[in-house]
Amino acid sequence: MRRLAHLALGLLITAGVLVALPAAGADTGDGRLGDLTGISADGAAVMLRAGAAAVRVAFPNPEAVRVQLAPDGQFTDPAAGKIMLPNTTPPVTPRRTDKGDYWALSTGKLTLRAYKHPLRFALFDTADARQIWSEAQPLSWTKDTTTQTLTRTGDEQFFGGGEQNGRFSHRDQTVRIFADDNWNDGGAPNSQPFYLSSKGYGVLRNTFAPGEYTFANPVRTMHKEHRFDAVYVVGDGLKGVISAYTALVGRPFLPPIYGLEMGDSDCYLHNANRGERHTLDAVGIADQYVRNGIPNGWMLVNDGYGCGYENLPQAGEGLRKDNMQLGLWTENGLPNQAEEVKAGVRVRKLDVAWVGPGYEFALDGCDSAHRGIEDNSDARGFVWTPVSWAGAQRCAVMWSGDQSGSYDYIHWQIPTYAGATMSGIAYNTGDVDGIFGGSPETYTRDLQWKALLPTIMSMDGWAPKDKQPWRYGEPYTSINRKYLELKERLLPYTYTYSVEANRTGVGQIRPLALEYPNDPNTWGDRARYEFLSGKDLLVAPVYDDTELRNDIYLPEGTWVDYWTGNTWTGPRTINGYSAPLDTLPLFVRAGAVVPMWPEGTHSWQTRDKGVLNLDVYPTGENSFDLIEDDGVTRAYQRGQQATQSFQVRAPKSGPGDVEVKIGASVGDYQGKPQSRRYELTVHTGSGPVSVRTDAGPLTRRADRADFDRSPNGWWYDPQDREGVVHVKTDPVPAGANTTVRLSDTTAVGG
């Protein structure tokens, strides 16, 4: 009877050893896993068999598990070494325990259950108590697909899939993971085979095959290949899952500081749409940026099919005199990369004519372009790509392609770029007002909100008018200048978030669900057309031909209108917000400390390094850790970077003292200022009795003009955004602390 029982399970005892037997009639064309017929060690991995099919389970680290299925028992790995970076630590050997109905494979952080009848999987937490996910059916396959089917819990939400145009939240939706040539709403040209769940896990399908994920009940995820290879990661909340995913495929690259400035692109040699030109004509456009007082950090000088270049070193020299960097577009690979980089090229844009096949080909092109800049200079790689795959966040800005400027274009791009962050994509953007079409109004509305993205570019030469920010004249030029100057001033804030993305995988542009995951209003359409720029700035773009913005959802906490100082307490929805053409609905989280460069800054190279502004919205205890380095070289990888903490203590509401502690700048880098003055704008709503620093009391100035011409002091302006205290310190040594104390004032809002 014992022998018959073992045979019924596909097992045979021979000389006291349990041996797996193949399942009778196993079908490797169409089928699904049947009963478990064998289990054994495979190095640090565990091999499971169900008839002819084999499953290998490995733990790359204690909080990740990789499951591979070979329906015919023969494992392949066509993505080996491409998508996932090499593991720098040895894999974890799990503890195997027979629990009767299932085998428990445990690392101390995770337990994967392998149920026996039939073989299916479920992931549990450390204590094997809380279920993270569970298969509703065994892994299944056809001759050219494999599918996993998971149960969906009551309010479980799903995000990810890379760049999914027009979407960020996927519950009850189907998303496609493939090399798409649809650059409009509904497309997915920069999709990634990764998704994450509000249950605290994410799944990377380690494949270059196209797929489709349906987040119904049950959840079905399919890829078009006769193999299954998935890595499951867990983390502390959604941010922790994104961090765990990017630890596998590569963190977002750290861009050079000029890459966070506005960019410009056009064909300046034999332009089919603009007549005869020469590459050096690009310098004339750069000069116009300067004359118009509009910041710009880089230019692509050959952006057009068949557009070559001439006099490249001279063009680069001319651009650098205007504080801009030279970039090149490519439609046919990188045959002259070394020479071009040595001639001064610091930016690359890849075209669909080259990387359009997508998948492995696009990822290889991205890696090669990024590496080429770094192999031939001391600069950081800075690449834009229109097509990509999992892992491309480590080498490029994801660019959403050739589109036409319109209000609808603005509308669907808002959730696109915020949603891409959920796949560890820190830099996702599109051309200002598209490459085609557009109008003065749509250009201005589009530039406003994109100025709050880390990366931004205009593309000229294809629409009836070129798309530099001054082309439509007034009032548009002044409005565009206003927002690009704001973008420039915010670079200390933006750059700090870029460093955070490089360290953690979490980008600056965030759907509200990332910061407020417990608020159901942030999961779907109610917060779909707004985003957070960092945790402190909430942006609600205007995407209609109107001067009113409705349906602005503010999550919990107090939010301050950046332009007027009006305050709102969330959660609530604002309707009828007045937004004339020059006004982007922009809100600041009460408690924020926003570091900024001084007013009038037009380039990272010409900024006043002796001054740093702090825009403070005091309530309770809050802080911001500023990160700085030389901004352009890779010396930060050798530790040449500095961190400075700004801490604010204030009443949670109402009257009291406000303290702003300016910490020492810890760390060193080339060009670090030895001291600097701090200019604070403290949004209090009422004037303090006195203001002092550790060096002593500051003088109250008579008016703004007196304040501006004085080397230090303070001045309260009750007409400035509901009441702002302006403070100017003496220069503070980089290695010193100081505290600015405002006595008998109020928290933000008065």
# chains A, B, ... in the order shown; residues from 1 in each chain; ligands from 1

call {"tool": "residues_around", "arguments": {"residues": "stretch 704-710 of chain A", "least_positions_apart": "6", "cutoff": "9 Å", "atoms": "only C-alpha atoms", "output": "list in words"}}
result
Tyr716, Asp717, His726, Val727 and Lys728 of chain A

call {"tool": "write_last_selection", "arguments": {"atoms": "N, CA, C and O atoms", "output": "short mmCIF file (atom, residue, chain, number, x, y, z; two decimals), in the first residue's frame"}}
result
data_model
loop_
_atom_site.label_atom_id
_atom_site.label_comp_id
_atom_site.auth_asym_id
_atom_site.auth_seq_id
_atom_site.Cartn_x
_atom_site.Cartn_y
_atom_site.Cartn_z
N TYR A 716 8.94 92.59 7.48
CA TYR A 716 7.66 91.87 7.35
C TYR A 716 6.78 92.60 6.35
O TYR A 716 6.55 93.80 6.46
N ASP A 717 6.28 91.85 5.38
CA ASP A 717 5.40 92.41 4.35
C ASP A 717 4.03 91.77 4.49
O ASP A 717 3.81 90.64 4.05
N HIS A 726 10.65 88.42 5.60
CA HIS A 726 11.86 88.29 4.79
C HIS A 726 13.07 88.47 5.71
O HIS A 726 13.15 89.46 6.45
N VAL A 727 13.98 87.51 5.67
CA VAL A 727 15.14 87.52 6.56
C VAL A 727 16.40 87.34 5.73
O VAL A 727 16.45 86.54 4.80
N LYS A 728 17.44 88.11 6.10
CA LYS A 728 18.74 88.02 5.43
C LYS A 728 19.82 87.90 6.51
O LYS A 728 19.95 88.78 7.36
#

call {"tool": "closest_atom_pairs", "arguments": {"of": "stretch 501-613 of chain A", "to": "stretch 154-173 of chain A", "cutoff": "9 Å", "atoms": "only C-alpha atoms", "output": "tab-separated table"}}
result
residue	atom	partner	partner_atom	distance
A:Pro511	CA	A:Phe168	CA	7.7
A:Trp523	CA	A:Ser169	CA	6.6
A:Gly524	CA	A:Ser169	CA	6.0
A:Asp525	CA	A:Ser169	CA	8.6
A:Arg528	CA	A:Phe168	CA	7.6

call {"tool": "residues_around", "arguments": {"residues": "stretch 50-64 of chain A", "least_positions_apart": "3", "cutoff": "8 Å", "atoms": "only C-alpha atoms", "output": "CSV table (one decimal) with N, CA, C and O atoms, in the first residue's frame"}}
result
chain,number,residue,atom,x,y,z
A,10,GLY,N,3.4,10.1,-7.9
A,10,GLY,CA,4.5,10.2,-8.9
A,10,GLY,C,5.8,10.0,-8.3
A,10,GLY,O,6.9,10.5,-8.7
A,21,LEU,N,9.1,10.7,-10.4
A,21,LEU,CA,8.7,10.1,-11.7
A,21,LEU,C,8.0,11.1,-12.6
A,21,LEU,O,7.3,11.9,-12.1
A,22,PRO,N,8.3,11.1,-13.9
A,22,PRO,CA,7.6,12.0,-14.8
A,22,PRO,C,6.1,11.7,-14.8
A,22,PRO,O,5.6,10.6,-14.7
A,23,ALA,N,5.3,12.9,-14.9
A,23,ALA,CA,3.9,12.7,-15.0
A,23,ALA,C,3.5,12.1,-16.3
A,23,ALA,O,4.0,12.4,-17.3
A,24,ALA,N,2.6,11.1,-16.2
A,24,ALA,CA,2.1,10.4,-17.4
A,24,ALA,C,1.4,11.4,-18.3
A,24,ALA,O,0.6,12.2,-17.9
A,26,ALA,N,2.4,14.1,-19.9
A,26,ALA,CA,2.7,15.5,-19.7
A,26,ALA,C,2.7,16.2,-21.1
A,26,ALA,O,3.2,15.7,-22.0
A,28,THR,N,3.7,19.6,-23.0
A,28,THR,CA,4.5,20.8,-22.9
A,28,THR,C,4.0,21.8,-24.0
A,28,THR,O,4.7,22.8,-24.2
A,33,LEU,N,0.6,23.5,-14.4
A,33,LEU,CA,1.3,22.6,-13.4
A,33,LEU,C,0.3,21.7,-12.8
A,33,LEU,O,-0.8,22.1,-12.3
A,34,GLY,N,0.7,20.4,-12.6
A,34,GLY,CA,-0.1,19.5,-11.9
A,34,GLY,C,0.5,19.3,-10.5
A,34,GLY,O,1.1,20.2,-9.9
A,35,ASP,N,0.3,18.1,-10.0
A,35,ASP,CA,0.8,17.8,-8.6
A,35,ASP,C,2.3,17.8,-8.5
A,35,ASP,O,3.0,17.5,-9.5
A,36,LEU,N,2.8,18.2,-7.4
A,36,LEU,CA,4.2,18.2,-7.1
A,36,LEU,C,4.7,16.7,-7.1
A,36,LEU,O,4.1,15.9,-6.4
A,37,THR,N,5.7,16.5,-7.9
A,37,THR,CA,6.2,15.1,-8.0
A,37,THR,C,7.7,15.0,-7.5
A,37,THR,O,8.2,13.9,-7.5
A,38,GLY,N,8.3,16.1,-7.2
A,38,GLY,CA,9.7,16.0,-6.7
A,38,GLY,C,10.2,17.3,-6.2
A,38,GLY,O,9.8,18.4,-6.7
A,44,ALA,N,22.0,26.9,-4.3
A,44,ALA,CA,21.3,27.6,-3.3
A,44,ALA,C,19.8,27.7,-3.7
A,44,ALA,O,19.0,28.1,-2.9
A,45,ALA,N,19.4,27.2,-4.9
A,45,ALA,CA,18.0,27.2,-5.3
A,45,ALA,C,17.3,25.9,-4.9
A,45,ALA,O,18.0,25.0,-4.4
A,46,VAL,N,16.0,25.9,-5.2
A,46,VAL,CA,15.2,24.7,-4.9
A,46,VAL,C,14.6,24.3,-6.2
A,46,VAL,O,14.0,25.1,-6.9
A,47,MET,N,14.7,23.0,-6.6
A,47,MET,CA,14.1,22.5,-7.8
A,47,MET,C,12.8,21.8,-7.5
A,47,MET,O,12.8,20.9,-6.6
A,67,VAL,N,11.1,32.9,-9.4
A,67,VAL,CA,10.4,31.7,-9.8
A,67,VAL,C,10.5,31.5,-11.3
A,67,VAL,O,10.1,32.4,-12.0
A,68,GLN,N,11.1,30.4,-11.7
A,68,GLN,CA,11.3,30.1,-13.1
A,68,GLN,C,10.6,28.8,-13.5
A,68,GLN,O,10.8,27.8,-12.7
A,69,LEU,N,9.9,28.8,-14.5
A,69,LEU,CA,9.2,27.6,-15.0
A,69,LEU,C,9.7,27.2,-16.4
A,69,LEU,O,9.8,28.0,-17.3
A,70,ALA,N,10.0,25.9,-16.5
A,70,ALA,CA,10.3,25.3,-17.8
A,70,ALA,C,9.3,24.2,-18.1
A,70,ALA,O,9.4,23.2,-17.5
A,71,PRO,N,8.3,24.5,-18.9
A,71,PRO,CA,7.2,23.4,-19.1
A,71,PRO,C,7.8,22.1,-19.6
A,71,PRO,O,7.2,21.0,-19.3
A,72,ASP,N,8.9,22.1,-20.3
A,72,ASP,CA,9.5,20.9,-20.8
A,72,ASP,C,10.7,20.4,-19.9
A,72,ASP,O,11.4,19.5,-20.2
A,73,GLY,N,10.9,21.1,-18.8
A,73,GLY,CA,12.0,20.8,-17.9
A,73,GLY,C,13.4,21.4,-18.3
A,73,GLY,O,14.3,21.2,-17.5
A,74,GLN,N,13.5,22.1,-19.4
A,74,GLN,CA,14.7,22.6,-19.9
A,74,GLN,C,14.7,24.2,-19.7
A,74,GLN,O,14.0,24.9,-20.4
A,87,ASN,N,24.2,40.2,-9.5
A,87,ASN,CA,24.0,40.2,-8.0
A,87,ASN,C,25.4,40.3,-7.3
A,87,ASN,O,26.3,39.5,-7.6
A,89,THR,N,25.9,40.1,-4.1
A,89,THR,CA,26.0,39.2,-2.9
A,89,THR,C,25.5,37.8,-3.3
A,89,THR,O,24.7,37.7,-4.2
A,90,PRO,N,26.0,36.8,-2.6
A,90,PRO,CA,25.6,35.5,-2.9
A,90,PRO,C,24.1,35.3,-2.6
A,90,PRO,O,23.5,35.9,-1.7
A,91,PRO,N,23.4,34.4,-3.4
A,91,PRO,CA,22.0,34.2,-3.1
A,91,PRO,C,21.8,33.5,-1.8
A,91,PRO,O,22.7,32.9,-1.2
A,92,VAL,N,20.6,33.6,-1.3
A,92,VAL,CA,20.2,33.1,0.0
A,92,VAL,C,19.8,31.6,-0.2
A,92,VAL,O,18.9,31.3,-1.1
A,93,THR,N,20.3,30.7,0.6
A,93,THR,CA,19.8,29.4,0.6
A,93,THR,C,18.6,29.3,1.6
A,93,THR,O,18.8,29.5,2.8
A,94,PRO,N,17.4,28.9,1.1
A,94,PRO,CA,16.3,29.0,2.0
A,94,PRO,C,16.2,27.7,2.8
A,94,PRO,O,16.8,26.7,2.6
A,107,THR,N,13.4,32.5,4.1
A,107,THR,CA,14.7,33.2,4.2
A,107,THR,C,14.8,33.9,5.6
A,107,THR,O,15.9,34.4,5.9
A,108,GLY,N,13.8,33.9,6.4
A,108,GLY,CA,13.8,34.7,7.6
A,108,GLY,C,13.1,36.0,7.3
A,108,GLY,O,12.6,36.7,8.3
A,109,LYS,N,13.0,36.5,6.1
A,109,LYS,CA,12.2,37.6,5.7
A,109,LYS,C,10.9,37.3,4.9
A,109,LYS,O,9.9,38.0,5.1
A,110,LEU,N,11.0,36.2,4.1
A,110,LEU,CA,9.9,35.8,3.3
A,110,LEU,C,9.7,34.3,3.4
A,110,LEU,O,10.7,33.6,3.7
A,119,LEU,N,0.6,21.9,-7.8
A,119,LEU,CA,1.7,22.7,-7.5
A,119,LEU,C,1.3,24.2,-7.8
A,119,LEU,O,1.1,24.6,-9.0
A,231,VAL,N,10.5,37.7,-10.8
A,231,VAL,CA,11.1,38.0,-9.5
A,231,VAL,C,10.2,38.8,-8.7
A,231,VAL,O,9.7,39.9,-9.2
A,232,TYR,N,9.9,38.4,-7.5
A,232,TYR,CA,8.9,39.0,-6.6
A,232,TYR,C,9.7,39.8,-5.5
A,232,TYR,O,10.6,39.2,-4.9
A,233,VAL,N,9.4,41.0,-5.3
A,233,VAL,CA,10.1,41.8,-4.3
A,233,VAL,C,9.1,42.4,-3.4
A,233,VAL,O,7.9,42.6,-3.7
A,234,VAL,N,9.5,42.6,-2.1
A,234,VAL,CA,8.6,43.3,-1.1
A,234,VAL,C,9.4,44.5,-0.6
A,234,VAL,O,10.6,44.6,-0.7
A,235,GLY,N,8.6,45.4,0.1
A,235,GLY,CA,9.2,46.5,0.6
A,235,GLY,C,8.3,47.2,1.6
A,235,GLY,O,7.1,46.8,1.8

call {"tool": "residues_around", "arguments": {"residues": "A:Pro475", "least_positions_apart": "2", "cutoff": "10 Å", "atoms": "only C-alpha atoms", "output": "NGL selection string"}}
result
:A and (440 or 444 or 470 or 472-473 or 477-480 or 581-582)

call {"tool": "write_last_selection", "arguments": {"atoms": "C-alpha atoms", "output": "mmCIF file, in the first residue's frame"}}
result
data_model
loop_
_atom_site.group_PDB
_atom_site.id
_atom_site.type_symbol
_atom_site.label_atom_id
_atom_site.label_comp_id
_atom_site.auth_asym_id
_atom_site.auth_seq_id
_atom_site.Cartn_x
_atom_site.Cartn_y
_atom_site.Cartn_z
ATOM 1 C CA PRO A 440 0.337 80.155 -28.042
ATOM 2 C CA THR A 444 2.160 78.303 -22.337
ATOM 3 C CA TRP A 470 9.655 83.568 -27.074
ATOM 4 C CA TYR A 472 4.632 83.792 -29.830
ATOM 5 C CA GLY A 473 5.573 87.195 -28.421
ATOM 6 C CA THR A 477 7.135 85.194 -23.605
ATOM 7 C CA SER A 478 6.925 86.790 -20.157
ATOM 8 C CA ILE A 479 4.778 83.977 -18.769
ATOM 9 C CA ASN A 480 7.109 81.313 -20.160
ATOM 10 C CA LEU A 581 -3.167 82.070 -18.405
ATOM 11 C CA ASP A 582 -0.246 83.158 -16.245
#

call {"tool": "closest_residue", "arguments": {"among": "A:Arg589, A:Arg291, A:Tyr493, A:Gly263", "to": "A:Ser458", "atoms": "only C-alpha atoms"}}
result
A:Gly263

call {"tool": "atom_distance", "arguments": {"atom1": "atom CA of A:Lys467", "atom2": "atom CA of A:Asn296"}}
result
13.2 Å

call {"tool": "residues_around", "arguments": {"residues": "A:Glu261", "least_positions_apart": "2", "cutoff": "8 Å", "atoms": "only C-alpha atoms", "output": "PDB file with N, CA, C and O atoms, in the first residue's frame"}}
result
ATOM      1  N   ILE A 257      23.515  68.626 -13.741  1.00  0.00           N
ATOM      2  CA  ILE A 257      22.617  69.709 -13.358  1.00  0.00           C
ATOM      3  C   ILE A 257      22.052  70.423 -14.579  1.00  0.00           C
ATOM      4  O   ILE A 257      20.883  70.838 -14.591  1.00  0.00           O
ATOM      5  N   TYR A 258      22.843  70.520 -15.666  1.00  0.00           N
ATOM      6  CA  TYR A 258      22.314  71.169 -16.867  1.00  0.00           C
ATOM      7  C   TYR A 258      21.210  70.336 -17.511  1.00  0.00           C
ATOM      8  O   TYR A 258      20.357  70.878 -18.224  1.00  0.00           O
ATOM      9  N   GLY A 259      21.193  69.025 -17.239  1.00  0.00           N
ATOM     10  CA  GLY A 259      20.114  68.189 -17.745  1.00  0.00           C
ATOM     11  C   GLY A 259      18.789  68.464 -17.078  1.00  0.00           C
ATOM     12  O   GLY A 259      17.736  68.055 -17.581  1.00  0.00           O
ATOM     13  N   GLY A 263      15.838  72.228 -22.287  1.00  0.00           N
ATOM     14  CA  GLY A 263      16.620  71.836 -23.447  1.00  0.00           C
ATOM     15  C   GLY A 263      15.925  72.265 -24.726  1.00  0.00           C
ATOM     16  O   GLY A 263      14.713  72.502 -24.757  1.00  0.00           O
ATOM     17  N   PRO A 295      16.194  80.906 -19.262  1.00  0.00           N
ATOM     18  CA  PRO A 295      17.186  79.860 -18.987  1.00  0.00           C
ATOM     19  C   PRO A 295      17.080  78.700 -19.977  1.00  0.00           C
ATOM     20  O   PRO A 295      15.984  78.284 -20.376  1.00  0.00           O
ATOM     21  N   ASN A 296      18.223  78.166 -20.364  1.00  0.00           N
ATOM     22  CA  ASN A 296      18.289  76.969 -21.201  1.00  0.00           C
ATOM     23  C   ASN A 296      19.624  76.294 -20.942  1.00  0.00           C
ATOM     24  O   ASN A 296      20.653  76.956 -20.878  1.00  0.00           O
ATOM     25  N   GLY A 297      19.617  74.957 -20.808  1.00  0.00           N
ATOM     26  CA  GLY A 297      20.828  74.261 -20.400  1.00  0.00           C
ATOM     27  C   GLY A 297      21.557  73.491 -21.475  1.00  0.00           C
ATOM     28  O   GLY A 297      22.746  73.214 -21.333  1.00  0.00           O
ATOM     29  N   TRP A 298      20.861  73.139 -22.577  1.00  0.00           N
ATOM     30  CA  TRP A 298      21.511  72.307 -23.592  1.00  0.00           C
ATOM     31  C   TRP A 298      20.734  72.390 -24.900  1.00  0.00           C
ATOM     32  O   TRP A 298      19.567  72.762 -24.928  1.00  0.00           O
ATOM     33  N   PRO A 454      11.407  67.291 -13.644  1.00  0.00           N
ATOM     34  CA  PRO A 454      12.869  67.431 -13.650  1.00  0.00           C
ATOM     35  C   PRO A 454      13.432  67.728 -15.037  1.00  0.00           C
ATOM     36  O   PRO A 454      14.346  68.530 -15.177  1.00  0.00           O
ATOM     37  N   THR A 455      12.901  67.064 -16.091  1.00  0.00           N
ATOM     38  CA  THR A 455      13.465  67.189 -17.430  1.00  0.00           C
ATOM     39  C   THR A 455      12.422  67.741 -18.386  1.00  0.00           C
ATOM     40  O   THR A 455      11.250  67.356 -18.350  1.00  0.00           O
ATOM     41  N   ILE A 456      12.861  68.642 -19.292  1.00  0.00           N
ATOM     42  CA  ILE A 456      11.945  69.349 -20.174  1.00  0.00           C
ATOM     43  C   ILE A 456      12.707  69.752 -21.433  1.00  0.00           C
ATOM     44  O   ILE A 456      13.895  70.083 -21.374  1.00  0.00           O
ATOM     45  N   LYS A 487      11.653  77.283 -12.451  1.00  0.00           N
ATOM     46  CA  LYS A 487      12.322  75.987 -12.573  1.00  0.00           C
ATOM     47  C   LYS A 487      13.797  76.107 -12.194  1.00  0.00           C
ATOM     48  O   LYS A 487      14.338  75.271 -11.467  1.00  0.00           O
ATOM     49  N   GLU A 488      14.441  77.170 -12.678  1.00  0.00           N
ATOM     50  CA  GLU A 488      15.866  77.368 -12.395  1.00  0.00           C
ATOM     51  C   GLU A 488      16.088  77.585 -10.898  1.00  0.00           C
ATOM     52  O   GLU A 488      17.010  77.010 -10.305  1.00  0.00           O
TER      53      GLU A 488
END

call {"tool": "closest_residue", "arguments": {"among": "A:Asp77, A:Leu150, A:Thr569, A:Arg95", "to": "A:Phe121", "atoms": "only C-alpha atoms"}}
result
A:Leu150

call {"tool": "select_by_dssp", "arguments": {"residues": "stretch 247-307 of chain A", "states": "strand (DSSP E)", "output": "VMD selection string"}}
result
chain A and resid 262 to 265 298 to 300

call {"tool": "write_last_selection", "arguments": {"atoms": "all heavy atoms", "output": "compact mmCIF listing (two decimals), in the first residue's frame"}}
result
# COMPACT_ATOMS: atom_id res chain seq x y z
N MET A 262 16.04 73.58 -18.96
CA MET A 262 15.35 73.48 -20.24
C MET A 262 16.32 73.03 -21.33
O MET A 262 17.51 73.38 -21.31
CB MET A 262 14.78 74.86 -20.59
CG MET A 262 14.10 74.97 -21.95
SD MET A 262 12.45 74.29 -21.98
CE MET A 262 11.88 74.87 -23.59
N GLY A 263 15.84 72.23 -22.29
CA GLY A 263 16.62 71.84 -23.45
C GLY A 263 15.92 72.27 -24.73
O GLY A 263 14.71 72.50 -24.76
N ASP A 264 16.70 72.37 -25.82
CA ASP A 264 16.18 72.82 -27.11
C ASP A 264 16.74 71.91 -28.20
O ASP A 264 17.91 71.49 -28.13
CB ASP A 264 16.62 74.27 -27.35
CG ASP A 264 16.06 74.85 -28.63
OD1 ASP A 264 16.56 74.53 -29.73
OD2 ASP A 264 15.11 75.64 -28.55
N SER A 265 15.92 71.60 -29.21
CA SER A 265 16.40 70.73 -30.28
C SER A 265 15.88 71.19 -31.63
O SER A 265 14.75 71.67 -31.75
CB SER A 265 15.97 69.28 -30.02
OG SER A 265 14.56 69.17 -30.04
N TRP A 298 20.86 73.14 -22.58
CA TRP A 298 21.51 72.31 -23.59
C TRP A 298 20.73 72.39 -24.90
O TRP A 298 19.57 72.76 -24.93
CB TRP A 298 21.62 70.85 -23.14
CG TRP A 298 20.33 70.25 -22.64
CD1 TRP A 298 19.81 70.35 -21.39
CD2 TRP A 298 19.41 69.46 -23.39
NE1 TRP A 298 18.61 69.67 -21.30
CE2 TRP A 298 18.35 69.11 -22.52
CE3 TRP A 298 19.37 68.99 -24.70
CZ2 TRP A 298 17.26 68.32 -22.93
CZ3 TRP A 298 18.29 68.20 -25.12
CH2 TRP A 298 17.26 67.88 -24.23
N MET A 299 21.42 72.01 -26.00
CA MET A 299 20.80 72.04 -27.32
C MET A 299 21.24 70.83 -28.13
O MET A 299 22.42 70.48 -28.16
CB MET A 299 21.17 73.32 -28.07
CG MET A 299 20.59 74.59 -27.47
SD MET A 299 20.98 76.08 -28.44
CE MET A 299 20.04 75.77 -29.93
N LEU A 300 20.27 70.22 -28.80
CA LEU A 300 20.55 69.22 -29.83
C LEU A 300 20.61 69.96 -31.16
O LEU A 300 19.64 70.62 -31.54
CB LEU A 300 19.46 68.15 -29.89
CG LEU A 300 19.18 67.37 -28.60
CD1 LEU A 300 17.98 66.45 -28.81
CD2 LEU A 300 20.39 66.54 -28.19

call {"tool": "residues_around", "arguments": {"residues": "A:Trp133", "least_positions_apart": "4", "cutoff": "10 Å", "atoms": "only C-alpha atoms", "output": "VMD selection string"}}
result
chain A and resid 112 121 to 125 150 to 153 197 199 to 201 232

call {"tool": "select_by_dssp", "arguments": {"residues": "stretch 218-317 of chain A", "states": "helix (DSSP H, G or I)", "output": "number ranges by chain"}}
result
A: 237-249, 257-260, 281-291, 312-317

call {"tool": "closest_residue", "arguments": {"among": "A:Thr522, A:Gln674, A:Ser439, A:Asn622", "to": "A:Pro555", "atoms": "only C-alpha atoms"}}
result
A:Thr522

call {"tool": "residues_around", "arguments": {"residues": "A:Val732", "least_positions_apart": "5", "cutoff": "8 Å", "atoms": "only C-alpha atoms", "output": "ChimeraX atom specification"}}
result
/A:675-678,737-738

call {"tool": "closest_residue", "arguments": {"among": "A:Thr564, A:Val660, A:Gly631, A:Ser578", "to": "A:Pro718", "atoms": "only C-alpha atoms"}}
result
A:Thr564

call {"tool": "closest_residue", "arguments": {"among": "A:Asp536, A:Glu722, A:Glu339, A:Asp351", "to": "A:Gly591", "atoms": "only C-alpha atoms"}}
result
A:Asp536

call {"tool": "atom_distance", "arguments": {"atom1": "atom CA of A:Gly100", "atom2": "atom CA of A:Ala41"}}
result
18.6 Å

call {"tool": "atom_distance", "arguments": {"atom1": "atom CA of A:Arg510", "atom2": "atom CA of A:Trp412"}}
result
15.2 Å

call {"tool": "closest_residue", "arguments": {"among": "A:Asn566, A:Asn184, A:Ser134, A:Asn502", "to": "A:Ile242", "atoms": "only C-alpha atoms"}}
result
A:Asn502
